[in-house]
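Trainee: Provided herewith: query-v4.tsv, TSV, C-alpha atoms and all ligand atoms.
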chain	number	residue	atom	x	y	z
K	185	MET	CA	-1.86	-20.93	-14.72
K	186	GLU	CA	1.51	-22.10	-13.37
K	187	ILE	CA	3.10	-20.21	-10.51
K	188	PRO	CA	6.68	-20.56	-9.23
K	189	ALA	CA	7.11	-23.84	-7.31
K	190	PHE	CA	8.51	-22.11	-4.21
K	191	LEU	CA	5.50	-19.77	-4.01
K	192	SER	CA	3.14	-22.72	-4.45
K	193	THR	CA	4.84	-24.55	-1.56
K	194	LEU	CA	4.53	-21.52	0.73
K	195	LEU	CA	0.87	-20.93	-0.13
K	196	THR	CA	0.00	-24.59	0.40
K	197	ARG	CA	1.80	-24.58	3.75
K	198	GLN	CA	0.00	-21.45	4.93
K	199	TYR	CA	-3.53	-21.67	3.57
K	200	ALA	CA	-6.34	-24.24	3.54
K	201	PRO	CA	-6.96	-25.85	0.11
K	202	ALA	CA	-10.10	-23.75	-0.48
K	203	ASP	CA	-8.16	-20.52	0.15
K	204	VAL	CA	-5.30	-21.65	-2.12
K	205	ARG	CA	-7.89	-22.23	-4.85
K	206	ARG	CA	-9.28	-18.70	-4.35
K	207	ILE	CA	-5.77	-17.23	-4.50
K	208	LEU	CA	-4.84	-19.13	-7.65
K	209	ALA	CA	-8.11	-18.15	-9.32
K	210	GLY	CA	-7.35	-14.52	-8.35
K	211	PHE	CA	-3.88	-14.70	-9.91
K	212	ASP	CA	-5.44	-16.10	-13.08
K	213	THR	CA	-8.16	-13.45	-13.46
K	214	PRO	CA	-7.23	-10.27	-15.35
K	215	ARG	CA	-7.44	-7.39	-12.89
K	216	ARG	CA	-9.58	-4.37	-13.70
K	217	THR	CA	-7.98	-0.96	-13.93
K	218	THR	CA	-8.86	1.23	-10.97
K	219	LEU	CA	-8.11	4.84	-10.18
K	220	ARG	CA	-8.18	7.32	-7.37
K	221	VAL	CA	-9.66	10.77	-7.88
K	222	ASN	CA	-7.14	13.26	-6.50
K	223	ARG	CA	-9.25	15.39	-4.20
K	224	ILE	CA	-6.60	18.13	-4.15
K	225	ARG	CA	-7.31	18.78	-7.82
K	226	ALA	CA	-10.76	17.41	-8.64
K	227	GLU	CA	-14.16	16.13	-7.50
K	228	GLN	CA	-15.34	12.58	-8.04
K	229	ALA	CA	-18.59	13.56	-9.80
K	230	ALA	CA	-16.82	15.89	-12.26
K	231	VAL	CA	-14.19	13.26	-13.03
K	232	ARG	CA	-16.84	10.61	-13.66
K	233	GLU	CA	-18.74	12.91	-16.00
K	234	ALA	CA	-15.58	13.84	-17.92
K	235	LEU	CA	-14.60	10.17	-18.21
K	236	ASP	CA	-18.11	9.37	-19.44
K	237	ARG	CA	-17.79	12.03	-22.12
K	238	SER	CA	-14.53	10.35	-23.22
K	239	GLY	CA	-16.40	7.05	-23.50
K	240	ILE	CA	-14.88	5.60	-20.32
K	241	THR	CA	-17.48	4.21	-17.95
K	242	THR	CA	-16.65	3.87	-14.27
K	243	GLN	CA	-18.20	2.33	-11.20
K	244	PRO	CA	-17.91	3.67	-7.65
K	245	VAL	CA	-16.44	1.62	-4.80
K	246	ALA	CA	-18.61	1.23	-1.68
K	247	TRP	CA	-15.88	1.86	0.90
K	248	TYR	CA	-14.10	4.86	-0.64
K	249	GLU	CA	-15.70	7.70	-2.53
K	250	ASP	CA	-12.45	8.66	-4.27
K	251	ALA	CA	-11.98	5.20	-5.81
K	252	LEU	CA	-13.36	4.25	-9.22
K	253	VAL	CA	-13.35	0.98	-11.16
K	254	VAL	CA	-12.83	1.51	-14.87
K	255	LEU	CA	-15.05	-0.61	-17.10
K	256	HIS	CA	-13.91	-1.58	-20.58
K	257	ALA	CA	-10.80	0.61	-20.76
K	258	ARG	CA	-7.18	0.05	-19.91
K	259	GLU	CA	-4.58	2.22	-18.24
K	260	ASP	CA	-3.13	3.44	-21.57
K	261	ALA	CA	-6.51	4.93	-22.55
K	262	LEU	CA	-6.57	6.88	-19.27
K	263	MET	CA	-2.99	8.06	-19.81
K	264	GLN	CA	-4.07	9.88	-22.99
K	265	LEU	CA	-6.46	12.11	-21.07
K	266	ASP	CA	-5.77	15.72	-19.99
K	267	MET	CA	-7.13	14.92	-16.53
K	268	TYR	CA	-4.40	12.28	-16.17
K	269	ALA	CA	-1.66	14.73	-17.18
K	270	ARG	CA	-3.08	17.34	-14.78
K	271	GLY	CA	-2.99	14.89	-11.87
K	272	ASP	CA	-6.77	14.89	-11.35
K	273	ILE	CA	-6.63	11.09	-11.31
K	274	TYR	CA	-4.03	8.52	-10.31
K	275	VAL	CA	-4.09	4.92	-11.48
K	276	GLN	CA	-3.86	2.91	-8.27
K	277	SER	CA	-4.93	-0.55	-7.20
K	278	LEU	CA	-7.88	-0.67	-4.82
K	279	SER	CA	-5.94	-2.71	-2.26
K	280	SER	CA	-3.18	-0.13	-2.13
K	281	MET	CA	-5.72	2.56	-1.23
K	282	ILE	CA	-6.47	0.77	2.06
K	283	PRO	CA	-3.27	1.54	4.08
K	284	PRO	CA	-3.59	5.37	3.91
K	285	LEU	CA	-7.26	5.08	4.97
K	286	VAL	CA	-6.27	2.88	7.93
K	287	LEU	CA	-3.43	5.27	8.82
K	288	GLY	CA	-5.95	8.07	9.35
K	289	ALA	CA	-3.46	10.95	9.23
K	290	GLN	CA	-4.85	14.33	10.30
K	291	PRO	CA	-4.15	17.87	9.05
K	292	GLY	CA	-1.09	19.37	10.74
K	293	GLU	CA	0.44	16.02	11.68
K	294	ASN	CA	4.00	15.04	10.85
K	295	VAL	CA	3.78	11.89	8.77
K	296	LEU	CA	6.59	9.65	7.55
K	297	ASP	CA	6.09	7.51	4.44
K	298	MET	CA	9.18	5.32	4.76
K	299	ALA	CA	9.24	3.53	1.39
K	300	ALA	CA	7.33	5.96	-0.72
K	301	ALA	CA	7.96	5.66	-4.47
K	302	PRO	CA	6.22	6.01	-6.84
K	303	GLY	CA	4.05	7.95	-4.40
K	304	GLY	CA	0.55	6.50	-4.65
K	305	LYS	CA	0.12	6.42	-0.91
K	306	THR	CA	2.09	9.62	-0.20
K	307	THR	CA	-0.22	11.59	-2.47
K	308	GLN	CA	-3.30	9.80	-1.13
K	309	ILE	CA	-2.34	10.80	2.44
K	310	ALA	CA	-1.91	14.37	1.20
K	311	ALA	CA	-5.36	14.28	-0.42
K	312	LEU	CA	-7.01	12.70	2.63
K	313	THR	CA	-5.70	15.50	4.85
K	314	GLY	CA	-6.70	18.28	2.43
K	315	ASP	CA	-2.97	18.74	1.68
K	316	ARG	CA	-2.48	19.82	5.27
K	317	ALA	CA	-0.29	17.04	6.72
K	318	LEU	CA	3.48	17.55	6.73
K	319	ILE	CA	4.67	14.47	4.91
K	320	THR	CA	8.23	13.19	4.67
K	321	ALA	CA	8.44	10.73	1.79
K	322	CYS	CA	11.57	8.60	1.94
K	323	GLU	CA	12.83	6.42	-0.90
K	324	ARG	CA	16.13	4.60	-1.45
K	325	ASN	CA	16.09	4.10	-5.22
K	326	GLY	CA	17.24	7.12	-7.26
K	327	ALA	CA	15.15	6.51	-10.38
K	328	ARG	CA	12.08	5.89	-8.23
K	329	VAL	CA	12.72	9.08	-6.27
K	330	GLU	CA	12.37	11.00	-9.53
K	331	ARG	CA	9.05	9.29	-10.21
K	332	LEU	CA	7.93	10.14	-6.67
K	333	ARG	CA	8.89	13.82	-7.08
K	334	TYR	CA	7.05	13.95	-10.40
K	335	ASN	CA	3.87	12.44	-8.94
K	336	VAL	CA	3.93	14.68	-5.86
K	337	ILE	CA	4.22	17.81	-8.02
K	338	ARG	CA	1.69	16.64	-10.60
K	339	GLN	CA	-0.86	15.92	-7.92
K	340	GLY	CA	-0.34	19.26	-6.15
K	341	ALA	CA	0.72	17.75	-2.83
K	342	SER	CA	2.48	20.85	-1.56
K	343	ARG	CA	3.59	19.78	1.91
K	344	VAL	CA	5.63	16.74	0.95
K	345	THR	CA	9.39	16.66	1.53
K	346	VAL	CA	10.98	13.98	-0.63
K	347	MET	CA	14.08	12.37	0.90
K	348	HIS	CA	16.39	10.28	-1.25
K	349	ARG	CA	17.63	8.06	1.57
K	350	ASP	CA	17.78	4.50	2.78
K	351	ALA	CA	15.14	4.66	5.52
K	352	ARG	CA	17.35	2.49	7.73
K	353	GLN	CA	19.75	5.44	7.91
K	354	LEU	CA	17.16	8.00	9.07
K	355	ASP	CA	18.24	9.83	12.21
K	356	ASP	CA	16.57	8.50	15.35
K	357	LEU	CA	16.14	12.08	16.53
K	358	PHE	CA	13.18	12.41	14.15
K	359	ALA	CA	9.79	11.79	15.80
K	360	PHE	CA	6.60	11.41	13.75
K	361	ASP	CA	2.91	11.48	14.65
K	362	ARG	CA	2.23	8.71	12.10
K	363	VAL	CA	4.37	6.37	10.06
K	364	LEU	CA	3.43	4.36	7.00
K	365	LEU	CA	5.77	1.47	6.24
K	366	ASP	CA	4.57	0.11	2.90
K	367	ALA	CA	7.43	-2.31	2.87
K	368	PRO	CA	9.37	-3.65	-0.11
K	369	CYS	CA	8.19	-7.24	-0.52
K	370	SER	CA	8.09	-10.27	-2.79
K	371	GLY	CA	4.89	-9.02	-4.45
K	372	SER	CA	3.27	-12.40	-3.88
K	373	GLY	CA	-0.15	-10.72	-3.84
K	374	THR	CA	0.28	-9.27	-7.32
K	375	VAL	CA	1.10	-12.40	-9.31
K	376	SER	CA	-0.83	-12.43	-12.57
K	377	ARG	CA	-0.77	-13.94	-16.04
K	378	GLU	CA	1.56	-11.13	-17.10
K	379	SER	CA	3.85	-11.10	-14.07
K	380	ARG	CA	4.71	-14.26	-12.18
K	381	GLY	CA	7.44	-12.72	-10.04
K	382	ARG	CA	10.69	-14.26	-8.88
K	383	PHE	CA	10.50	-16.35	-5.77
K	384	SER	CA	13.41	-18.13	-4.13
K	385	PRO	CA	14.30	-18.93	-0.52
K	386	GLU	CA	17.34	-16.59	-0.75
K	387	TYR	CA	15.33	-13.64	-2.10
K	388	LEU	CA	12.61	-14.12	0.51
K	389	ALA	CA	15.17	-14.33	3.34
K	390	ARG	CA	16.81	-11.04	2.21
K	391	THR	CA	13.43	-9.32	1.91
K	392	VAL	CA	12.28	-10.54	5.33
K	393	HIS	CA	15.50	-9.25	6.90
K	394	LEU	CA	14.96	-5.82	5.31
K	395	GLN	CA	11.30	-5.73	6.42
K	396	ARG	CA	12.31	-6.52	10.05
K	397	THR	CA	14.96	-3.80	10.07
K	398	LEU	CA	12.59	-1.25	8.54
K	399	LEU	CA	9.85	-2.09	11.04
K	400	ASP	CA	12.26	-1.63	13.99
K	401	LYS	CA	13.26	1.71	12.53
K	402	ALA	CA	9.63	2.76	11.97
K	403	ILE	CA	8.83	2.05	15.62
K	404	ARG	CA	11.86	4.04	16.80
K	405	LEU	CA	10.78	7.01	14.66
K	406	LEU	CA	7.18	6.97	15.90
K	407	LYS	CA	6.21	9.09	18.91
K	408	PRO	CA	5.08	7.01	21.92
K	409	GLY	CA	1.31	6.54	21.97
K	410	CYS	CA	1.09	7.22	18.20
K	411	GLU	CA	0.04	4.94	15.36
K	412	MET	CA	1.65	3.43	12.30
K	413	VAL	CA	0.61	1.11	9.48
K	414	TYR	CA	2.67	-1.80	8.20
K	415	SER	CA	1.59	-3.00	4.75
K	416	THR	CA	2.85	-5.21	1.93
K	417	CYS	CA	1.51	-6.43	-1.39
K	418	SER	CA	2.35	-9.95	-0.18
K	419	ILE	CA	0.01	-12.59	1.16
K	420	LEU	CA	2.81	-14.63	2.78
K	421	SER	CA	2.81	-14.66	6.59
K	422	ALA	CA	6.65	-14.69	6.47
K	423	GLU	CA	6.49	-11.08	5.23
K	424	ASN	CA	3.49	-10.04	7.28
K	425	GLU	CA	2.48	-11.49	10.65
K	426	GLU	CA	5.94	-12.99	11.25
K	427	ILE	CA	7.52	-9.56	10.77
K	428	LEU	CA	5.23	-8.10	13.42
K	429	LEU	CA	5.58	-10.87	16.01
K	430	PRO	CA	8.97	-9.87	17.53
K	431	ALA	CA	7.78	-6.28	18.12
K	432	LEU	CA	4.48	-7.51	19.57
K	433	LYS	CA	6.26	-9.99	21.86
K	434	LYS	CA	8.69	-7.30	23.00
K	435	GLY	CA	5.70	-5.12	23.83
K	436	SER	CA	6.92	-2.11	21.89
K	437	VAL	CA	3.67	-1.94	19.86
K	438	ASP	CA	0.10	-3.25	20.07
K	439	VAL	CA	-2.23	-4.16	17.21
K	440	ILE	CA	-5.19	-1.81	16.88
K	441	PRO	CA	-7.85	-3.94	15.16
K	442	ILE	CA	-8.79	-2.74	11.69
K	443	GLU	CA	-12.56	-2.40	11.34
K	444	THR	CA	-12.93	-4.60	8.28
K	445	GLU	CA	-16.67	-3.72	8.15
K	446	ALA	CA	-15.50	-0.33	6.86
K	447	PHE	CA	-14.19	-2.17	3.77
K	448	ALA	CA	-17.39	-3.89	2.70
K	449	GLY	CA	-16.94	-6.23	-0.23
K	450	VAL	CA	-13.16	-6.57	0.07
K	451	PRO	CA	-12.34	-10.31	-0.21
K	452	LEU	CA	-10.32	-11.41	2.82
K	453	LEU	CA	-7.94	-14.25	3.65
K	454	PRO	CA	-7.47	-15.65	7.15
K	455	VAL	CA	-4.79	-13.98	9.29
K	456	THR	CA	-2.88	-15.35	12.28
K	457	ILE	CA	-2.84	-12.04	14.18
K	458	PRO	CA	-6.42	-10.96	14.91
K	459	GLY	CA	-7.17	-7.40	13.86
K	460	THR	CA	-4.79	-7.41	10.90
K	461	MET	CA	-6.18	-7.69	7.36
K	462	CYS	CA	-5.12	-9.74	4.35
K	463	VAL	CA	-6.84	-9.11	1.02
K	464	CYS	CA	-7.37	-12.05	-1.34
K	465	PRO	CA	-6.44	-11.40	-4.99
K	466	ASP	CA	-9.40	-11.35	-7.38
K	467	GLU	CA	-10.74	-9.47	-10.38
K	468	LEU	CA	-10.73	-6.17	-8.46
K	469	TYR	CA	-8.13	-6.60	-5.74
K	470	GLU	CA	-4.43	-7.38	-5.45
K	471	GLY	CA	-3.35	-9.52	-2.54
K	472	PHE	CA	-2.38	-7.14	0.26
K	473	PHE	CA	-1.62	-7.15	3.98
K	474	VAL	CA	-2.36	-4.25	6.35
K	475	ALA	CA	-1.72	-3.92	10.08
K	476	ARG	CA	-2.45	-0.94	12.32
K	477	LEU	CA	-0.04	-0.63	15.24
K	478	ARG	CA	0.23	1.71	18.21
K	479	LYS	CA	3.53	2.35	19.96
K	480	ARG	CA	3.22	1.85	23.69
K	481	PRO	CA	3.33	5.12	25.62
K	482	LYS	CA	6.39	5.65	27.86
K	483	LYS	CA	5.80	4.54	31.46
B	1	LIG	N1	4.38	3.16	-1.09
B	1	LIG	C1	4.63	3.14	-2.51
B	1	LIG	C2	3.39	3.62	-3.23
B	1	LIG	O1	2.28	3.46	-2.70
B	1	LIG	O2	3.49	4.17	-4.33
B	1	LIG	C3	5.08	1.77	-2.98
B	1	LIG	C4	6.31	1.33	-2.22
B	1	LIG	S1	7.05	-0.14	-2.84
B	1	LIG	C5	6.05	-1.37	-2.15
B	1	LIG	C6	8.47	-0.23	-1.82
B	1	LIG	C7	9.51	0.86	-2.09
B	1	LIG	O3	10.51	0.78	-1.08
B	1	LIG	C8	10.26	0.74	-3.41
B	1	LIG	O4	10.13	1.94	-4.12
B	1	LIG	C9	11.71	0.52	-2.99
B	1	LIG	O5	12.64	1.12	-3.87
B	1	LIG	C10	11.73	1.18	-1.63
B	1	LIG	N2	12.77	0.74	-0.70
B	1	LIG	C11	13.35	-0.48	-0.60
B	1	LIG	N3	14.23	-0.50	0.40
B	1	LIG	C12	14.20	0.73	0.97
B	1	LIG	C13	14.91	1.33	2.05
B	1	LIG	N4	15.81	0.65	2.74
B	1	LIG	N5	14.64	2.62	2.36
B	1	LIG	C14	13.72	3.32	1.64
B	1	LIG	N6	13.03	2.81	0.60
B	1	LIG	C15	13.28	1.53	0.27
Let's see the structure in the file written out as structure tokens.
Mentor:
Amino acid sequence: MEIPAFLSTLLTRQYAPADVRRILAGFDTPRRTTLRVNRIRAEQAAVREALDRSGITTQPVAWYEDALVVLHAREDALMQLDMYARGDIYVQSLSSMIPPLVLGAQPGENVLDMAAAPGGKTTQIAALTGDRALITACERNGARVERLRYNVIRQGASRVTVMHRDARQLDDLFAFDRVLLDAPCSGSGTVSRESRGRFSPEYLARTVHLQRTLLDKAIRLLKPGCEMVYSTCSILSAENEEILLPALKKGSVDVIPIETEAFAGVPLLPVTIPGTMCVCPDELYEGFFVARLRKRPKK
């Protein structure tokens, strides 16, 4: 499969030949449909049984009891089901379920999801906290805000405030216990036979600038001593480690190492900042980057 020349150059510059081969093979392998059982509305066992009765076989995922891999059915078959319309299940890539798990939000906490639409991670955070975290879900794009609102309501996440706002404009007087910045990115981890993406030096430069500005804002909005997650569906260090480096050098945040043993079986790529995590695309996973950061307490 051919990928854009600029992406190929960047991958070859960043990764060893064996890793580039793994990445290209991952891009070329059709990805399985995966879903998350919405714990606010349903139980995993009941969902599996109901899917079975509809002729849809699923497989559990070792590191997350709410995740299921769908065997021999595509997303459109799931979309016909009542349980889909009710919000009992949400079609979500396995890699994108990792950041909310790493974030570890707790009931009662004030959580900011800075770039939230269509709401996969917002609603997952709600489910993980038993719908007891106070979540502010911010999104710049109007059409995507509507999708976010729809998903939040459908999934019964009752403590989510949706904000139609450019997160760069959020008032610095806000202070959150946790922040998720699932940043807009090139999508280099999600290249597939169907979607090759658009990659150019100009587009990447604009995206990197936005990611840097959003990360600075996220750190300002986080309470001292509290934690945030920075994630992208990109496997390019320009959008990942290099975005984190200025903040790490300045000493405003520290990396809290992600315990990758908790994600048994997830295929990983090498990272240049120890403790961060980069998922290699394959049959089950999109390429994804996740970093857990703690804001330094005030002296
Ligand atoms: N977290 C989402 C989920 O799990 O469903 C996916 C987020 S997607 C990677 C990035 C989102 O950021 C897009 O919906 C995009 O419209 C939004 N976005 C881009 N720039 C933004 C900004 N300055 N402020 C807020 N949202 C922004």
Trainee: Which residues are near ligand LIG 1 (chain B) in this structure, taking near to mean any atom at most 6 Å from a ligand atom and counting all atoms listed in the file? Format them as JSON, numbers by chain.
Mentor: {"K": [298, 299, 300, 301, 302, 303, 304, 305, 322, 323, 324, 325, 350, 351, 352, 366, 367, 368]}
Trainee: Which residues are close to range 189-191 of chain K, i.e. within 10 Å by only C-alpha atoms, leaving aside same-chain residues fewer than 4 positions away? Reply as a list in words.
Mentor: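 My reading of the contact set: Leu195, Thr196, Arg197, Ser370, Ser372, Arg380, Gly381, Arg382, Phe383, Ser384, Pro385 and Leu420 of chain K.
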Trainee: Pick out the closest residue to Met267 in chain K from this set: K:Met185, K:Leu235, K:Ile240, K:Val450. Count only C-alpha atoms.
Mentor: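 Nearest to Met267 in chain K: K:Leu235.
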Trainee: Go through K:Arg338, K:Arg349, K:Arg206, K:Lys434 one by one, measure the shortest atom-to-atom distance of each to Thr320 in chain K using all atoms listed in the file, and give the residue with the smallest value.
Mentor: K:Arg349
Trainee: With distances taken over all atoms listed in the file, which of K:Leu357, K:Ala234, K:Val375, K:Val336 is nearest to Asp266 in chain K?
Mentor: K:Ala234
Trainee: Could you check the closest approach to Ala257 in chain K for each of K:Leu208, K:Ala230, K:Leu406, K:Leu219 and tell me which residue wins, using all atoms listed in the file?
Mentor: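 Once distances to Ala257 in chain K are computed over all atoms listed in the file, the minimum belongs to K:Leu219.
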Trainee: Around the point (-6.6, 5.8, 10.1) (coordinates from the file), which residues reach within 12 Å if we count all atoms listed in the file? Answer as a PyMOL selection string.
Mentor: chain K and resi 281-290+309+312-313+361-364+410-413+440-443+446+474-478
Trainee: May I have the residues within 12 Å of Asp466 in chain K as a VMD selection string, using all atoms listed in the file and disregarding those fewer than 2 positions away in the same chain?
Mentor: chain K and resid 203 205 to 216 277 to 279 373 to 376 449 to 453 463 to 464 468 to 472
Trainee: Write out as number ranges by chain the residues lying within 7 Å of Arg343 in chain K, counting all atoms listed in the file and excluding same-chain residues fewer than 4 positions away.
Mentor: K: 315-319
Trainee: Of the residues K:Asp297, K:Leu388, K:Ser379, K:Ala311, which is the one nearest to Ala402 in chain K, using all atoms listed in the file?
Mentor: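 The shortest atom-to-atom distance to Ala402 in chain K comes from K:Asp297.
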